[in-house]
Amino acid sequence: MADRPYTLLSCGMSLDGYLDGPTVKRLPLSNKADLDRVDAVRASCDAILVGAATVRNDNPRLLIRAAERRQERLARGLPPSPMKVTVTAGGELDAGADFFVTGEADKLVYCPSSAVRSTRARLGELATVVDGGPQLDMRMISEDLSARGVNRLMVEGGGSIHTQFLTADLADELQVVVAPFFVGDSRARRFVGDGSFPWHPDRRATLAEARQIGDVVLLRYALSSRFCAG
Ligand SMILES: NC(=O)c1ccc[n+]([C@@H]2O[C@H](COP(=O)([O-])OP(=O)(O)OC[C@H]3O[C@@H](n4cnc5c(N)ncnc54)[C@H](OP(=O)(O)O)[C@@H]3O)[C@@H](O)[C@H]2O)c1
């Protein structure tokens, strides 16, 4: 089997398991101290992957905020922020999105062969569009990222992406931050969709850490024997 990066899934969710609210407005689930923790986790990774819907809905920059963390990466011979990666079937990505126009690190877009030409035309030099074959799957993407030098991958959602990494058993670690409120509207996106997960009542995941960070709680789960507590 080809190598794949150490893969860490990260998300914030409400007490009732939602990643966002029912409207397109971005829902703040985290707090200042936790955002700084996420910044440190991002700085420790070679690449950050999000789904195309997250690029469209949240317009994330996915850059390291703390100057000292950017400096520390530069001192290690790395770009100030990790590579950005997204996946799309239809290629409907805005070339003006912050994902593409901010930061110096490489941007990769995986799409099926059928959408390669139109996606390249849309994004031009802003990103490398990778032909993922007839249908994308997260194992192929993981292995391709590994071949491109990504040893540590942070997956930041959304729900469809988390579902695919978890059900394909491609995650080594899960970091969930639980915010102290409910969304209470099933139009919102849940952390995961339906699927056959490797962790179920007869095979419980290992809780590696529970940490209070102000009014939120971080839960870290070890999902593979490669889990690294450090
Ligand atoms: N709370 C958090 O920590 C957090 C983090 C991230 C996101 N979110 C929220 O999550 C929501 C989005 O979640 P989501 O599940 O709807 O979307 P998503 O996972 O961000 O992206 C889904 C999109 O990714 C592409 N995609 C996914 N799997 C694919 C595959 N196998 N092959 C080809 N393309 C694939 C498709 O793009 P195309 O449609 O372009 O074909 C698909 O529509 C956002 O509203 C955001 O606010 C929350």
# chains A, B, ... in the order shown; residues from 1 in each chain; ligands from 1
call {"tool": "residues_near_ligand", "arguments": {"ligand": "ligand 1", "cutoff": "7 Å", "atoms": "only C-alpha atoms and all ligand atoms", "output": "mmCIF file with C-alpha atoms, in the first residue's frame"}}
result
data_model
loop_
_atom_site.group_PDB
_atom_site.id
_atom_site.type_symbol
_atom_site.label_atom_id
_atom_site.label_comp_id
_atom_site.auth_asym_id
_atom_site.auth_seq_id
_atom_site.Cartn_x
_atom_site.Cartn_y
_atom_site.Cartn_z
ATOM 1 C CA SER A 10 -10.279 19.043 12.964
ATOM 2 C CA CYS A 11 -13.632 20.708 13.468
ATOM 3 C CA GLY A 12 -15.764 22.766 15.763
ATOM 4 C CA MET A 13 -19.338 21.740 16.413
ATOM 5 C CA LEU A 19 -20.731 22.404 11.886
ATOM 6 C CA ASP A 20 -22.575 25.545 10.900
ATOM 7 C CA VAL A 24 -24.818 30.842 4.554
ATOM 8 C CA ARG A 26 -20.517 31.715 8.967
ATOM 9 C CA LEU A 27 -21.221 30.461 12.478
ATOM 10 C CA LEU A 29 -18.151 27.991 17.163
ATOM 11 C CA VAL A 50 -11.125 21.573 2.860
ATOM 12 C CA GLY A 51 -14.053 20.745 0.584
ATOM 13 C CA ALA A 52 -15.132 23.105 -2.178
ATOM 14 C CA ALA A 53 -18.366 23.966 -0.348
ATOM 15 C CA THR A 54 -16.303 25.243 2.575
ATOM 16 C CA VAL A 55 -14.250 27.396 0.176
ATOM 17 C CA ASN A 57 -19.440 29.225 2.015
ATOM 18 C CA ASP A 58 -16.739 30.263 4.481
ATOM 19 C CA VAL A 87 -11.558 18.942 -3.885
ATOM 20 C CA THR A 88 -14.398 19.587 -6.282
ATOM 21 C CA ALA A 89 -16.540 17.583 -8.663
ATOM 22 C CA GLY A 90 -18.018 20.494 -10.602
ATOM 23 C CA GLY A 91 -15.095 22.940 -10.415
ATOM 24 C CA GLU A 92 -17.301 25.865 -9.432
ATOM 25 C CA LEU A 93 -14.665 27.761 -7.523
ATOM 26 C CA CYS A 111 -11.132 17.255 -9.576
ATOM 27 C CA PRO A 112 -12.352 14.427 -11.791
ATOM 28 C CA GLN A 135 -14.048 9.745 -9.624
ATOM 29 C CA LEU A 136 -12.154 11.218 -6.689
ATOM 30 C CA ASP A 137 -11.480 9.227 -3.600
ATOM 31 C CA MET A 138 -9.726 10.391 -0.492
ATOM 32 C CA GLU A 156 -10.717 20.953 8.222
ATOM 33 C CA GLY A 157 -14.031 19.792 6.762
ATOM 34 C CA GLY A 158 -16.736 20.248 5.925
ATOM 35 C CA GLY A 159 -18.965 17.363 6.785
ATOM 36 C CA SER A 160 -18.792 15.588 3.450
ATOM 37 C CA ILE A 161 -14.993 15.559 3.563
ATOM 38 C CA HIS A 162 -14.854 14.401 7.197
ATOM 39 C CA ARG A 189 -24.571 20.649 8.161
#
call {"tool": "residues_around", "arguments": {"residues": "Asp39 (chain A)", "least_positions_apart": "2", "cutoff": "8 Å", "atoms": "only C-alpha atoms", "output": "MDAnalysis selection string"}}
result
chainID A and resid 35:37 41:43 64:66
call {"tool": "residues_around", "arguments": {"residues": "region 143-145 of chain A", "least_positions_apart": "5", "cutoff": "10 Å", "atoms": "only C-alpha atoms", "output": "count of residues only"}}
result
16
call {"tool": "select_by_dssp", "arguments": {"residues": "region 3-228 of chain A", "states": "strand (DSSP E)", "output": "PyMOL selection string"}}
result
chain A and resi 6-13+47-51+83-87+107-111+128-131+152-155+173-178+206-213+216-222
call {"tool": "select_by_dssp", "arguments": {"residues": "region 6-169 of chain A", "states": "alpha helix (DSSP H)", "output": "ChimeraX atom specification"}}
result
/A:32-43,52-58,67-75,98-101,113-123,138-147,159-167
call {"tool": "closest_atom_pairs", "arguments": {"of": "region 17-113 of chain A", "to": "region 176-186 of chain A", "cutoff": "9 Å", "atoms": "only C-alpha atoms", "output": "JSON lines"}}
result
{"residue": "A:Gly17", "atom": "CA", "partner": "A:Val178", "partner_atom": "CA", "distance": 8.2}
{"residue": "A:Tyr18", "atom": "CA", "partner": "A:Val183", "partner_atom": "CA", "distance": 6.7}
{"residue": "A:Asp20", "atom": "CA", "partner": "A:Val183", "partner_atom": "CA", "distance": 7.9}
{"residue": "A:Gly21", "atom": "CA", "partner": "A:Val183", "partner_atom": "CA", "distance": 6.3}
{"residue": "A:Pro22", "atom": "CA", "partner": "A:Asp185", "partner_atom": "CA", "distance": 6.5}
{"residue": "A:Leu29", "atom": "CA", "partner": "A:Ala179", "partner_atom": "CA", "distance": 5.4}
{"residue": "A:Ser30", "atom": "CA", "partner": "A:Ala179", "partner_atom": "CA", "distance": 6.5}
{"residue": "A:Asn31", "atom": "CA", "partner": "A:Ala179", "partner_atom": "CA", "distance": 8.7}
{"residue": "A:Asp34", "atom": "CA", "partner": "A:Val177", "partner_atom": "CA", "distance": 8.4}
call {"tool": "residues_around", "arguments": {"residues": "Gln175 (chain A)", "least_positions_apart": "4", "cutoff": "10 Å", "atoms": "only C-alpha atoms", "output": "ChimeraX atom specification"}}
result
/A:8-12,38,156,208-210,218-222
call {"tool": "write_last_selection", "arguments": {"atoms": "all heavy atoms", "output": "mmCIF file, in the first residue's frame"}}
result
data_model
loop_
_atom_site.group_PDB
_atom_site.id
_atom_site.type_symbol
_atom_site.label_atom_id
_atom_site.label_comp_id
_atom_site.auth_asym_id
_atom_site.auth_seq_id
_atom_site.Cartn_x
_atom_site.Cartn_y
_atom_site.Cartn_z
ATOM 1 N N LEU A 8 -4.886 14.394 10.366
ATOM 2 C CA LEU A 8 -5.557 14.912 11.553
ATOM 3 C C LEU A 8 -6.825 15.628 11.100
ATOM 4 O O LEU A 8 -6.762 16.549 10.289
ATOM 5 C CB LEU A 8 -4.561 15.885 12.184
ATOM 6 C CG LEU A 8 -4.789 16.632 13.454
ATOM 7 C CD1 LEU A 8 -3.432 17.139 13.939
ATOM 8 C CD2 LEU A 8 -5.724 17.801 13.295
ATOM 9 N N LEU A 9 -7.974 15.186 11.583
ATOM 10 C CA LEU A 9 -9.244 15.836 11.242
ATOM 11 C C LEU A 9 -9.576 16.821 12.354
ATOM 12 O O LEU A 9 -9.449 16.476 13.546
ATOM 13 C CB LEU A 9 -10.360 14.792 11.140
ATOM 14 C CG LEU A 9 -10.607 14.133 9.777
ATOM 15 C CD1 LEU A 9 -9.352 13.552 9.183
ATOM 16 C CD2 LEU A 9 -11.695 13.085 9.863
ATOM 17 N N SER A 10 -10.009 18.006 11.973
ATOM 18 C CA SER A 10 -10.279 19.043 12.964
ATOM 19 C C SER A 10 -11.594 19.728 12.656
ATOM 20 O O SER A 10 -11.860 20.080 11.496
ATOM 21 C CB SER A 10 -9.133 20.067 12.919
ATOM 22 O OG SER A 10 -9.451 21.215 13.652
ATOM 23 N N CYS A 11 -12.408 19.923 13.681
ATOM 24 C CA CYS A 11 -13.632 20.708 13.468
ATOM 25 C C CYS A 11 -14.159 21.259 14.776
ATOM 26 O O CYS A 11 -13.801 20.789 15.857
ATOM 27 C CB CYS A 11 -14.709 19.874 12.788
ATOM 28 S SG CYS A 11 -15.524 18.732 13.880
ATOM 29 N N GLY A 12 -14.997 22.265 14.639
ATOM 30 C CA GLY A 12 -15.764 22.766 15.763
ATOM 31 C C GLY A 12 -17.210 22.388 15.532
ATOM 32 O O GLY A 12 -17.670 22.369 14.383
ATOM 33 N N VAL A 38 -5.748 26.304 17.189
ATOM 34 C CA VAL A 38 -5.886 25.790 15.815
ATOM 35 C C VAL A 38 -4.759 26.342 14.940
ATOM 36 O O VAL A 38 -4.195 25.628 14.103
ATOM 37 C CB VAL A 38 -7.273 26.151 15.231
ATOM 38 C CG1 VAL A 38 -7.343 25.830 13.735
ATOM 39 C CG2 VAL A 38 -8.370 25.402 15.974
ATOM 40 N N GLU A 156 -9.877 20.030 7.452
ATOM 41 C CA GLU A 156 -10.717 20.953 8.222
ATOM 42 C C GLU A 156 -12.177 20.950 7.753
ATOM 43 O O GLU A 156 -12.895 21.905 7.971
ATOM 44 C CB GLU A 156 -10.136 22.365 8.163
ATOM 45 C CG GLU A 156 -8.793 22.495 8.886
ATOM 46 C CD GLU A 156 -8.558 23.891 9.428
ATOM 47 O OE1 GLU A 156 -9.467 24.476 10.035
ATOM 48 O OE2 GLU A 156 -7.444 24.388 9.232
ATOM 49 N N ALA A 208 -7.976 10.430 23.691
ATOM 50 C CA ALA A 208 -6.588 10.679 24.097
ATOM 51 C C ALA A 208 -6.472 11.895 25.006
ATOM 52 O O ALA A 208 -5.552 12.000 25.806
ATOM 53 C CB ALA A 208 -5.716 10.882 22.860
ATOM 54 N N GLU A 209 -7.413 12.829 24.873
ATOM 55 C CA GLU A 209 -7.330 14.057 25.683
ATOM 56 C C GLU A 209 -8.682 14.751 25.708
ATOM 57 O O GLU A 209 -9.407 14.742 24.700
ATOM 58 C CB GLU A 209 -6.277 15.006 25.067
ATOM 59 C CG GLU A 209 -6.059 16.264 25.893
ATOM 60 C CD GLU A 209 -5.092 17.254 25.228
ATOM 61 O OE1 GLU A 209 -4.474 16.909 24.192
ATOM 62 O OE2 GLU A 209 -4.984 18.374 25.749
ATOM 63 N N ALA A 210 -9.014 15.343 26.853
ATOM 64 C CA ALA A 210 -10.160 16.245 26.962
ATOM 65 C C ALA A 210 -9.651 17.496 27.658
ATOM 66 O O ALA A 210 -9.126 17.414 28.760
ATOM 67 C CB ALA A 210 -11.290 15.608 27.752
ATOM 68 N N LEU A 218 -12.053 20.768 24.026
ATOM 69 C CA LEU A 218 -11.368 20.044 22.947
ATOM 70 C C LEU A 218 -11.342 18.569 23.307
ATOM 71 O O LEU A 218 -10.898 18.181 24.399
ATOM 72 C CB LEU A 218 -9.926 20.550 22.803
ATOM 73 C CG LEU A 218 -8.985 19.658 21.980
ATOM 74 C CD1 LEU A 218 -9.379 19.647 20.501
ATOM 75 C CD2 LEU A 218 -7.529 20.112 22.140
ATOM 76 N N LEU A 219 -11.819 17.736 22.384
ATOM 77 C CA LEU A 219 -11.742 16.280 22.538
ATOM 78 C C LEU A 219 -10.809 15.758 21.463
ATOM 79 O O LEU A 219 -11.021 16.031 20.269
ATOM 80 C CB LEU A 219 -13.131 15.652 22.379
ATOM 81 C CG LEU A 219 -14.188 16.154 23.358
ATOM 82 C CD1 LEU A 219 -15.562 15.635 22.975
ATOM 83 C CD2 LEU A 219 -13.828 15.741 24.780
ATOM 84 N N ARG A 220 -9.776 15.052 21.888
ATOM 85 C CA ARG A 220 -8.826 14.468 20.907
ATOM 86 C C ARG A 220 -8.957 12.964 20.942
ATOM 87 O O ARG A 220 -8.844 12.344 22.011
ATOM 88 C CB ARG A 220 -7.382 14.814 21.286
ATOM 89 C CG ARG A 220 -6.922 16.154 20.842
ATOM 90 C CD ARG A 220 -5.469 16.368 21.237
ATOM 91 N NE ARG A 220 -4.516 15.821 20.300
ATOM 92 C CZ ARG A 220 -3.236 15.604 20.568
ATOM 93 N NH1 ARG A 220 -2.751 15.870 21.769
ATOM 94 N NH2 ARG A 220 -2.431 15.124 19.656
ATOM 95 N N TYR A 221 -9.177 12.374 19.781
ATOM 96 C CA TYR A 221 -9.308 10.920 19.675
ATOM 97 C C TYR A 221 -8.158 10.357 18.852
ATOM 98 O O TYR A 221 -7.804 10.917 17.806
ATOM 99 C CB TYR A 221 -10.638 10.541 19.002
ATOM 100 C CG TYR A 221 -11.837 10.877 19.850
ATOM 101 C CD1 TYR A 221 -12.479 12.101 19.720
ATOM 102 C CD2 TYR A 221 -12.307 9.978 20.799
ATOM 103 C CE1 TYR A 221 -13.570 12.427 20.515
ATOM 104 C CE2 TYR A 221 -13.398 10.292 21.599
ATOM 105 C CZ TYR A 221 -14.018 11.521 21.447
ATOM 106 O OH TYR A 221 -15.089 11.831 22.242
ATOM 107 N N ALA A 222 -7.613 9.257 19.351
ATOM 108 C CA ALA A 222 -6.604 8.509 18.593
ATOM 109 C C ALA A 222 -7.361 7.522 17.723
ATOM 110 O O ALA A 222 -8.085 6.662 18.230
ATOM 111 C CB ALA A 222 -5.680 7.770 19.549
#
call {"tool": "atom_distance", "arguments": {"atom1": "CA of Ala205 (chain A)", "atom2": "CA of Met83 (chain A)"}}
result
29.1 Å
call {"tool": "closest_residue", "arguments": {"among": "A:Leu170, A:Thr7, A:Lys107, A:Ile213", "to": "Cys45 (chain A)", "atoms": "only C-alpha atoms"}}
result
A:Thr7
